[in-house]
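Student: What follows is my_file_11.pdb, made up of PDB, C-alpha atoms, pLDDT in the B column:
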```pdb
ATOM      1  CA  MET I   1       4.811 -26.426  -2.092  1.00 47.00           C
ATOM      2  CA  ASN I   2       6.143 -24.903  -5.283  1.00 56.00           C
ATOM      3  CA  ALA I   3       9.462 -25.536  -7.002  1.00 52.00           C
ATOM      4  CA  LEU I   4      10.976 -22.332  -5.584  1.00 65.00           C
ATOM      5  CA  GLY I   5      10.636 -23.486  -1.978  1.00 75.00           C
ATOM      6  CA  PRO I   6      11.843 -21.493   1.030  1.00 82.00           C
ATOM      7  CA  ALA I   7      13.690 -18.943  -1.117  1.00 82.00           C
ATOM      8  CA  GLY I   8      10.364 -17.802  -2.533  1.00 81.00           C
ATOM      9  CA  PHE I   9       8.848 -17.309   0.892  1.00 83.00           C
ATOM     10  CA  LEU I  10      11.939 -15.430   2.036  1.00 90.00           C
ATOM     11  CA  LEU I  11      11.705 -13.124  -0.979  1.00 90.00           C
ATOM     12  CA  ILE I  12       8.048 -12.346  -0.210  1.00 88.00           C
ATOM     13  CA  ALA I  13       8.901 -11.721   3.468  1.00 93.00           C
ATOM     14  CA  LEU I  14      11.729  -9.346   2.547  1.00 96.00           C
ATOM     15  CA  ALA I  15       9.473  -7.541   0.076  1.00 96.00           C
ATOM     16  CA  GLY I  16       6.861  -7.174   2.821  1.00 95.00           C
ATOM     17  CA  ALA I  17       9.444  -5.740   5.191  1.00 97.00           C
ATOM     18  CA  PHE I  18      10.504  -3.249   2.508  1.00 97.00           C
ATOM     19  CA  GLY I  19       6.873  -2.185   1.973  1.00 97.00           C
ATOM     20  CA  ALA I  20       6.318  -1.756   5.720  1.00 96.00           C
ATOM     21  CA  LEU I  21       9.458   0.372   6.073  1.00 97.00           C
ATOM     22  CA  LEU I  22       8.421   2.503   3.114  1.00 96.00           C
ATOM     23  CA  ARG I  23       4.995   3.048   4.711  1.00 96.00           C
ATOM     24  CA  TYR I  24       6.601   4.030   8.007  1.00 96.00           C
ATOM     25  CA  LEU I  25       8.986   6.484   6.315  1.00 96.00           C
ATOM     26  CA  LEU I  26       6.179   8.107   4.315  1.00 95.00           C
ATOM     27  CA  ASP I  27       4.114   8.556   7.454  1.00 94.00           C
ATOM     28  CA  VAL I  28       6.954   9.884   9.602  1.00 95.00           C
ATOM     29  CA  VAL I  29       8.339  12.289   6.983  1.00 96.00           C
ATOM     30  CA  LEU I  30       4.973  13.722   5.945  1.00 95.00           C
ATOM     31  CA  SER I  31       3.650  13.939   9.516  1.00 92.00           C
ATOM     32  CA  ALA I  32       6.814  15.727  10.654  1.00 92.00           C
ATOM     33  CA  ALA I  33       6.487  18.221   7.799  1.00 93.00           C
ATOM     34  CA  GLN I  34       2.854  18.891   8.712  1.00 91.00           C
ATOM     35  CA  HIS I  35       3.719  19.379  12.393  1.00 88.00           C
ATOM     36  CA  ARG I  36       6.466  21.871  11.480  1.00 90.00           C
ATOM     37  CA  ARG I  37       4.018  23.940   9.417  1.00 90.00           C
ATOM     38  CA  GLY I  38       1.074  23.715  11.803  1.00 82.00           C
ATOM     39  CA  ALA I  39       0.291  25.277  15.134  1.00 82.00           C
ATOM     40  CA  PRO I  40       1.433  23.398  18.253  1.00 82.00           C
ATOM     41  CA  GLY I  41      -1.115  20.728  19.158  1.00 78.00           C
ATOM     42  CA  ALA I  42      -3.021  21.119  15.882  1.00 82.00           C
ATOM     43  CA  ARG I  43      -4.604  18.039  14.342  1.00 87.00           C
ATOM     44  CA  ILE I  44      -2.934  16.888  11.166  1.00 90.00           C
ATOM     45  CA  PHE I  45      -4.378  15.064   8.179  1.00 94.00           C
ATOM     46  CA  PRO I  46      -2.877  11.530   7.924  1.00 94.00           C
ATOM     47  CA  LEU I  47      -1.342  12.247   4.515  1.00 95.00           C
ATOM     48  CA  GLY I  48       1.476   9.690   4.817  1.00 95.00           C
ATOM     49  CA  ILE I  49      -0.905   6.788   5.415  1.00 95.00           C
ATOM     50  CA  LEU I  50      -3.209   8.024   2.644  1.00 96.00           C
ATOM     51  CA  LEU I  51      -0.260   8.151   0.249  1.00 96.00           C
ATOM     52  CA  ALA I  52       1.030   4.723   1.328  1.00 96.00           C
ATOM     53  CA  ASN I  53      -2.387   3.096   0.872  1.00 96.00           C
ATOM     54  CA  THR I  54      -2.903   4.796  -2.489  1.00 97.00           C
ATOM     55  CA  LEU I  55       0.539   3.759  -3.772  1.00 96.00           C
ATOM     56  CA  ALA I  56      -0.123   0.205  -2.585  1.00 96.00           C
ATOM     57  CA  CYS I  57      -3.413   0.125  -4.519  1.00 96.00           C
ATOM     58  CA  LEU I  58      -1.642   1.412  -7.637  1.00 96.00           C
ATOM     59  CA  LEU I  59       1.081  -1.218  -7.278  1.00 95.00           C
ATOM     60  CA  VAL I  60      -1.326  -4.065  -6.569  1.00 93.00           C
ATOM     61  CA  GLY I  61      -3.641  -3.029  -9.410  1.00 94.00           C
ATOM     62  CA  ALA I  62      -0.750  -2.918 -11.873  1.00 93.00           C
ATOM     63  CA  GLY I  63       0.821  -6.146 -10.628  1.00 90.00           C
ATOM     64  CA  ALA I  64      -2.463  -8.056 -10.610  1.00 88.00           C
ATOM     65  CA  ALA I  65      -3.387  -6.912 -14.115  1.00 90.00           C
ATOM     66  CA  TRP I  66       0.074  -7.680 -15.486  1.00 87.00           C
ATOM     67  CA  ALA I  67       0.149 -11.121 -13.844  1.00 84.00           C
ATOM     68  CA  ALA I  68      -3.334 -11.996 -15.088  1.00 84.00           C
ATOM     69  CA  ARG I  69      -2.394 -11.007 -18.630  1.00 86.00           C
ATOM     70  CA  HIS I  70       0.705 -13.216 -18.463  1.00 81.00           C
ATOM     71  CA  GLY I  71      -1.032 -16.176 -16.813  1.00 79.00           C
ATOM     72  CA  PHE I  72       0.719 -16.149 -13.426  1.00 75.00           C
ATOM     73  CA  ALA I  73      -1.029 -17.873 -10.523  1.00 65.00           C
ATOM     74  CA  TRP I  74      -1.818 -15.968  -7.315  1.00 63.00           C
ATOM     75  CA  HIS I  75      -1.261 -18.746  -4.822  1.00 61.00           C
ATOM     76  CA  PRO I  76       2.146 -19.952  -3.612  1.00 56.00           C
ATOM     77  CA  GLY I  77       1.445 -23.540  -4.697  1.00 59.00           C
ATOM     78  CA  GLY I  78       0.996 -22.396  -8.289  1.00 55.00           C
ATOM     79  CA  LEU I  79       4.345 -20.673  -8.609  1.00 60.00           C
ATOM     80  CA  ASP I  80       6.791 -22.469 -10.832  1.00 64.00           C
ATOM     81  CA  SER I  81       8.929 -19.637 -12.189  1.00 70.00           C
ATOM     82  CA  TRP I  82      10.916 -16.694 -10.911  1.00 73.00           C
ATOM     83  CA  PRO I  83       8.905 -14.103 -12.891  1.00 76.00           C
ATOM     84  CA  GLY I  84       5.726 -15.307 -11.187  1.00 77.00           C
ATOM     85  CA  LEU I  85       7.384 -15.181  -7.788  1.00 81.00           C
ATOM     86  CA  LEU I  86       8.701 -11.671  -8.395  1.00 84.00           C
ATOM     87  CA  VAL I  87       5.223 -10.424  -9.279  1.00 84.00           C
ATOM     88  CA  LEU I  88       3.817 -12.141  -6.197  1.00 84.00           C
ATOM     89  CA  ALA I  89       6.557 -10.603  -4.027  1.00 88.00           C
ATOM     90  CA  LEU I  90       5.800  -7.180  -5.491  1.00 89.00           C
ATOM     91  CA  VAL I  91       2.037  -7.461  -5.016  1.00 89.00           C
ATOM     92  CA  LEU I  92       1.747  -9.439  -1.770  1.00 88.00           C
ATOM     93  CA  GLY I  93       5.046  -8.421  -0.227  1.00 92.00           C
ATOM     94  CA  VAL I  94       5.650  -4.772  -1.108  1.00 95.00           C
ATOM     95  CA  GLY I  95       1.976  -3.948  -1.718  1.00 93.00           C
ATOM     96  CA  GLY I  96       0.837  -5.770   1.422  1.00 92.00           C
ATOM     97  CA  GLY I  97       3.524  -4.206   3.582  1.00 94.00           C
ATOM     98  CA  LEU I  98       2.944  -0.741   2.152  1.00 94.00           C
ATOM     99  CA  SER I  99      -0.820  -0.770   2.707  1.00 94.00           C
ATOM    100  CA  THR I 100      -2.338  -0.678   6.143  1.00 89.00           C
ATOM    101  CA  MET I 101      -5.992  -1.025   6.965  1.00 91.00           C
ATOM    102  CA  SER I 102      -5.369  -0.941  10.711  1.00 91.00           C
ATOM    103  CA  THR I 103      -3.444   2.349  10.684  1.00 90.00           C
ATOM    104  CA  PHE I 104      -6.076   3.853   8.396  1.00 94.00           C
ATOM    105  CA  VAL I 105      -8.804   2.911  10.889  1.00 95.00           C
ATOM    106  CA  VAL I 106      -6.807   4.133  13.895  1.00 94.00           C
ATOM    107  CA  ALA I 107      -6.202   7.507  12.207  1.00 94.00           C
ATOM    108  CA  ALA I 108      -9.864   7.898  11.204  1.00 96.00           C
ATOM    109  CA  VAL I 109     -11.169   6.926  14.651  1.00 96.00           C
ATOM    110  CA  SER I 110      -8.608   9.165  16.413  1.00 95.00           C
ATOM    111  CA  LEU I 111      -9.643  12.143  14.303  1.00 95.00           C
ATOM    112  CA  TRP I 112     -13.322  11.414  14.971  1.00 96.00           C
ATOM    113  CA  ARG I 113     -12.837  11.073  18.738  1.00 96.00           C
ATOM    114  CA  SER I 114     -10.772  14.269  18.914  1.00 94.00           C
ATOM    115  CA  GLY I 115     -13.668  16.220  17.417  1.00 95.00           C
ATOM    116  CA  ALA I 116     -12.208  16.577  13.919  1.00 95.00           C
ATOM    117  CA  ARG I 117     -15.191  14.793  12.435  1.00 96.00           C
ATOM    118  CA  ALA I 118     -15.135  16.539   9.062  1.00 97.00           C
ATOM    119  CA  MET I 119     -11.449  15.659   8.697  1.00 96.00           C
ATOM    120  CA  ALA I 120     -12.141  12.038   9.716  1.00 97.00           C
ATOM    121  CA  ALA I 121     -14.970  11.726   7.205  1.00 97.00           C
ATOM    122  CA  SER I 122     -12.999  13.353   4.384  1.00 97.00           C
ATOM    123  CA  TYR I 123      -9.989  11.139   5.156  1.00 97.00           C
ATOM    124  CA  THR I 124     -12.159   8.020   5.023  1.00 97.00           C
ATOM    125  CA  VAL I 125     -13.863   8.962   1.758  1.00 98.00           C
ATOM    126  CA  LEU I 126     -10.605  10.140   0.190  1.00 97.00           C
ATOM    127  CA  THR I 127      -8.761   6.949   1.188  1.00 97.00           C
ATOM    128  CA  ILE I 128     -11.406   4.681  -0.309  1.00 97.00           C
ATOM    129  CA  GLY I 129     -11.827   6.784  -3.459  1.00 97.00           C
ATOM    130  CA  ALA I 130      -8.096   7.226  -4.030  1.00 97.00           C
ATOM    131  CA  GLY I 131      -7.495   3.516  -3.458  1.00 96.00           C
ATOM    132  CA  LEU I 132     -10.115   2.495  -5.994  1.00 97.00           C
ATOM    133  CA  ALA I 133      -8.896   5.044  -8.535  1.00 97.00           C
ATOM    134  CA  ALA I 134      -5.260   4.032  -8.039  1.00 97.00           C
ATOM    135  CA  GLY I 135      -6.102   0.346  -8.430  1.00 95.00           C
ATOM    136  CA  LEU I 136      -7.916   1.045 -11.689  1.00 96.00           C
ATOM    137  CA  LEU I 137      -5.106   3.293 -12.897  1.00 97.00           C
ATOM    138  CA  GLY I 138      -2.560   0.610 -12.015  1.00 96.00           C
ATOM    139  CA  GLY I 139      -4.492  -1.876 -14.116  1.00 94.00           C
ATOM    140  CA  LEU I 140      -4.568   0.541 -17.024  1.00 95.00           C
ATOM    141  CA  LEU I 141      -0.859   1.290 -16.707  1.00 95.00           C
ATOM    142  CA  ALA I 142      -0.072  -2.429 -16.668  1.00 92.00           C
ATOM    143  CA  SER I 143      -1.682  -2.729 -20.084  1.00 89.00           C
ATOM    144  CA  LEU I 144       1.135  -0.525 -21.395  1.00 91.00           C
ATOM    145  CA  LEU I 145       3.815  -2.915 -20.107  1.00 84.00           C
ATOM    146  CA  PRO I 146       5.142  -5.755 -22.256  1.00 81.00           C
TER     147      PRO I 146
END
```
Output the file's structure in the form of structure tokens.

Tutor:
Amino acid sequence: MNALGPAGFLLIALAGAFGALLRYLLDVVLSAAQHRRGAPGARIFPLGILLANTLACLLVGAGAAWAARHGFAWHPGGLDSWPGLLVLALVLGVGGGLSTMSTFVVAAVSLWRSGARAMAASYTVLTIGAGLAAGLLGGLLASLLP
């Protein structure tokens, strides 16, 4: 175990809870807005989950690049400073809680099964493409940080 002990694990858990709540809020707010604008019973594009996953990729890309440049370890046993723990909490906690592979898959499969196959395919391609682009952009943005 590292020198930070249980406090470090608690920080990562709290960061994960924050990321999960942020994901939920994005999904609920954006879905509600789409339902208000659409026809009753209309299928909606899972914009909230797409945005949450894309933001998580941006955050993780930036955090990983910044940590690598500053020599921080990525495993809990290698943490020996608060800056390293904060980056780990941001990447694993907030980024991990914000992103959601399972909800992405459920949304894509639900769209496909409901007959909205073009929407399901575009959502899948857009999620993967946006995630990769956001991760790369995050890495580039991290190079601007001290």

Student: Counting all atoms listed in the file, which residues in range 89-113 of chain I sit no more than 8 Å from range 49-65 of chain I? For each one, give the nearest pair of atoms and the distance in Å, sorted by chain then residue number, as JSON lines.

Tutor:
```
{"residue": "I:Leu90", "atom": "CA", "partner": "I:Gly63", "partner_atom": "CA", "distance": 7.2}
{"residue": "I:Val91", "atom": "CA", "partner": "I:Val60", "partner_atom": "CA", "distance": 5.0}
{"residue": "I:Leu92", "atom": "CA", "partner": "I:Val60", "partner_atom": "CA", "distance": 7.8}
{"residue": "I:Val94", "atom": "CA", "partner": "I:Ala56", "partner_atom": "CA", "distance": 7.8}
{"residue": "I:Gly95", "atom": "CA", "partner": "I:Ala56", "partner_atom": "CA", "distance": 4.7}
{"residue": "I:Gly96", "atom": "CA", "partner": "I:Ala56", "partner_atom": "CA", "distance": 7.3}
{"residue": "I:Leu98", "atom": "CA", "partner": "I:Ala56", "partner_atom": "CA", "distance": 5.7}
{"residue": "I:Ser99", "atom": "CA", "partner": "I:Asn53", "partner_atom": "CA", "distance": 4.6}
{"residue": "I:Thr100", "atom": "CA", "partner": "I:Asn53", "partner_atom": "CA", "distance": 6.5}
{"residue": "I:Thr103", "atom": "CA", "partner": "I:Ile49", "partner_atom": "CA", "distance": 7.3}
{"residue": "I:Phe104", "atom": "CA", "partner": "I:Ile49", "partner_atom": "CA", "distance": 6.7}
```

Student: At what distance in Å, to one decimal, does CA of Ala116 in chain I lie from CA of Ala130 in chain I?

Tutor: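 Rounded to one decimal, the two atoms are 20.7 Å apart.
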
Student: Select, from I:Phe18, I:Trp112, I:Trp82, I:Trp66, the residue with the minimum atom-to-atom distance to Pro146 in chain I, counting all atoms listed in the file.

Tutor: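 For Pro146 in chain I, the nearest of the candidates is I:Trp66.
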
Student: For the provided coordinates, the residues matched by the PyMOL selection byres ((chain I and resi 45) around 10) should be stated as a list of chain:residue names.

Tutor: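 For this structure, the PyMOL selection byres ((chain I and resi 45) around 10) captures I:Leu30, I:Ser31, I:Gln34, I:Ala42, I:Arg43, I:Ile44, I:Pro46, I:Leu47, I:Gly48, I:Ile49, I:Leu50, I:Ala107, I:Ala108, I:Leu111, I:Ala116, I:Met119, I:Ala120, I:Ser122, I:Tyr123.
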
Student: Which value, in Å to one decimal, gives the distance between CA of Leu21 in chain I and CA of Gly93 in chain I?

Tutor: 11.7 Å

Student: For CA of Val28 in chain I and CA of Val109 in chain I, quote the distance in Å rounded to one decimal.

Tutor: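 CA of Val28 in chain I sits 19.0 Å away from CA of Val109 in chain I.
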
Student: Between I:Ala142, I:Gly97, I:Ala134, I:Gly115, which is the closest to Ala17 in chain I once you count all atoms listed in the file?

Tutor: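 Closest candidate: I:Gly97.
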
Student: Return as JSON the box centre and box size in Å, one decimal, for an axis-aligned box around all listed atoms of range 138-144 of chain I padded by 4 Å per side.

Tutor:
```
{"center_x": -1.7, "center_y": -0.7, "center_z": -16.7, "size_x": 13.7, "size_y": 12.0, "size_z": 17.4}
```

Student: N, CA and C atoms for range 84-110 of chain I, written as a PDB file, keeping the file's coordinate frame, could you do that?

Tutor:
```
ATOM      1  N   GLY I  84       6.961 -15.239 -11.962  1.00 77.00           N
ATOM      2  CA  GLY I  84       5.726 -15.307 -11.187  1.00 77.00           C
ATOM      3  C   GLY I  84       5.962 -14.981  -9.730  1.00 77.00           C
ATOM      4  N   LEU I  85       7.062 -15.472  -9.183  1.00 81.00           N
ATOM      5  CA  LEU I  85       7.384 -15.181  -7.788  1.00 81.00           C
ATOM      6  C   LEU I  85       7.688 -13.703  -7.590  1.00 81.00           C
ATOM      7  N   LEU I  86       8.385 -13.093  -8.520  1.00 84.00           N
ATOM      8  CA  LEU I  86       8.701 -11.671  -8.395  1.00 84.00           C
ATOM      9  C   LEU I  86       7.443 -10.817  -8.405  1.00 84.00           C
ATOM     10  N   VAL I  87       6.488 -11.169  -9.265  1.00 84.00           N
ATOM     11  CA  VAL I  87       5.223 -10.424  -9.279  1.00 84.00           C
ATOM     12  C   VAL I  87       4.483 -10.633  -7.964  1.00 84.00           C
ATOM     13  N   LEU I  88       4.484 -11.862  -7.464  1.00 84.00           N
ATOM     14  CA  LEU I  88       3.817 -12.141  -6.197  1.00 84.00           C
ATOM     15  C   LEU I  88       4.499 -11.391  -5.051  1.00 84.00           C
ATOM     16  N   ALA I  89       5.824 -11.340  -5.065  1.00 88.00           N
ATOM     17  CA  ALA I  89       6.557 -10.603  -4.027  1.00 88.00           C
ATOM     18  C   ALA I  89       6.247  -9.111  -4.111  1.00 88.00           C
ATOM     19  N   LEU I  90       6.119  -8.593  -5.315  1.00 89.00           N
ATOM     20  CA  LEU I  90       5.800  -7.180  -5.491  1.00 89.00           C
ATOM     21  C   LEU I  90       4.392  -6.873  -4.989  1.00 89.00           C
ATOM     22  N   VAL I  91       3.432  -7.712  -5.376  1.00 89.00           N
ATOM     23  CA  VAL I  91       2.037  -7.461  -5.016  1.00 89.00           C
ATOM     24  C   VAL I  91       1.758  -7.792  -3.542  1.00 89.00           C
ATOM     25  N   LEU I  92       2.054  -9.034  -3.144  1.00 88.00           N
ATOM     26  CA  LEU I  92       1.747  -9.439  -1.770  1.00 88.00           C
ATOM     27  C   LEU I  92       2.753  -8.888  -0.769  1.00 88.00           C
ATOM     28  N   GLY I  93       4.018  -8.885  -1.140  1.00 92.00           N
ATOM     29  CA  GLY I  93       5.046  -8.421  -0.227  1.00 92.00           C
ATOM     30  C   GLY I  93       5.078  -6.914  -0.105  1.00 92.00           C
ATOM     31  N   VAL I  94       5.529  -6.230  -1.161  1.00 95.00           N
ATOM     32  CA  VAL I  94       5.650  -4.772  -1.108  1.00 95.00           C
ATOM     33  C   VAL I  94       4.276  -4.129  -0.962  1.00 95.00           C
ATOM     34  N   GLY I  95       3.319  -4.539  -1.795  1.00 93.00           N
ATOM     35  CA  GLY I  95       1.976  -3.948  -1.718  1.00 93.00           C
ATOM     36  C   GLY I  95       1.307  -4.206  -0.385  1.00 93.00           C
ATOM     37  N   GLY I  96       1.436  -5.439   0.128  1.00 92.00           N
ATOM     38  CA  GLY I  96       0.837  -5.770   1.422  1.00 92.00           C
ATOM     39  C   GLY I  96       1.501  -5.045   2.577  1.00 92.00           C
ATOM     40  N   GLY I  97       2.816  -4.913   2.519  1.00 94.00           N
ATOM     41  CA  GLY I  97       3.524  -4.206   3.582  1.00 94.00           C
ATOM     42  C   GLY I  97       3.294  -2.707   3.539  1.00 94.00           C
ATOM     43  N   LEU I  98       3.144  -2.182   2.325  1.00 94.00           N
ATOM     44  CA  LEU I  98       2.944  -0.741   2.152  1.00 94.00           C
ATOM     45  C   LEU I  98       1.547  -0.310   2.595  1.00 94.00           C
ATOM     46  N   SER I  99       0.554  -1.143   2.336  1.00 94.00           N
ATOM     47  CA  SER I  99      -0.820  -0.770   2.707  1.00 94.00           C
ATOM     48  C   SER I  99      -1.085  -1.118   4.161  1.00 94.00           C
ATOM     49  N   THR I 100      -2.033  -0.429   4.737  1.00 89.00           N
ATOM     50  CA  THR I 100      -2.338  -0.678   6.143  1.00 89.00           C
ATOM     51  C   THR I 100      -3.771  -0.283   6.477  1.00 89.00           C
ATOM     52  N   MET I 101      -4.606  -1.270   6.583  1.00 91.00           N
ATOM     53  CA  MET I 101      -5.992  -1.025   6.965  1.00 91.00           C
ATOM     54  C   MET I 101      -6.077  -0.598   8.436  1.00 91.00           C
ATOM     55  N   SER I 102      -5.279  -1.234   9.280  1.00 91.00           N
ATOM     56  CA  SER I 102      -5.369  -0.941  10.711  1.00 91.00           C
ATOM     57  C   SER I 102      -4.951   0.492  11.022  1.00 91.00           C
ATOM     58  N   THR I 103      -3.875   0.980  10.420  1.00 90.00           N
ATOM     59  CA  THR I 103      -3.444   2.349  10.684  1.00 90.00           C
ATOM     60  C   THR I 103      -4.444   3.345  10.111  1.00 90.00           C
ATOM     61  N   PHE I 104      -5.020   3.017   8.975  1.00 94.00           N
ATOM     62  CA  PHE I 104      -6.076   3.853   8.396  1.00 94.00           C
ATOM     63  C   PHE I 104      -7.232   4.004   9.383  1.00 94.00           C
ATOM     64  N   VAL I 105      -7.678   2.887   9.950  1.00 95.00           N
ATOM     65  CA  VAL I 105      -8.804   2.911  10.889  1.00 95.00           C
ATOM     66  C   VAL I 105      -8.436   3.669  12.162  1.00 95.00           C
ATOM     67  N   VAL I 106      -7.236   3.433  12.684  1.00 94.00           N
ATOM     68  CA  VAL I 106      -6.807   4.133  13.895  1.00 94.00           C
ATOM     69  C   VAL I 106      -6.792   5.650  13.651  1.00 94.00           C
ATOM     70  N   ALA I 107      -6.259   6.071  12.509  1.00 94.00           N
ATOM     71  CA  ALA I 107      -6.202   7.507  12.207  1.00 94.00           C
ATOM     72  C   ALA I 107      -7.607   8.093  12.088  1.00 94.00           C
ATOM     73  N   ALA I 108      -8.497   7.395  11.379  1.00 96.00           N
ATOM     74  CA  ALA I 108      -9.864   7.898  11.204  1.00 96.00           C
ATOM     75  C   ALA I 108     -10.600   7.982  12.540  1.00 96.00           C
ATOM     76  N   VAL I 109     -10.488   6.942  13.351  1.00 96.00           N
ATOM     77  CA  VAL I 109     -11.169   6.926  14.651  1.00 96.00           C
ATOM     78  C   VAL I 109     -10.572   7.989  15.582  1.00 96.00           C
ATOM     79  N   SER I 110      -9.250   8.143  15.566  1.00 95.00           N
ATOM     80  CA  SER I 110      -8.608   9.165  16.413  1.00 95.00           C
ATOM     81  C   SER I 110      -9.069  10.562  16.035  1.00 95.00           C
TER      82      SER I 110
END
```
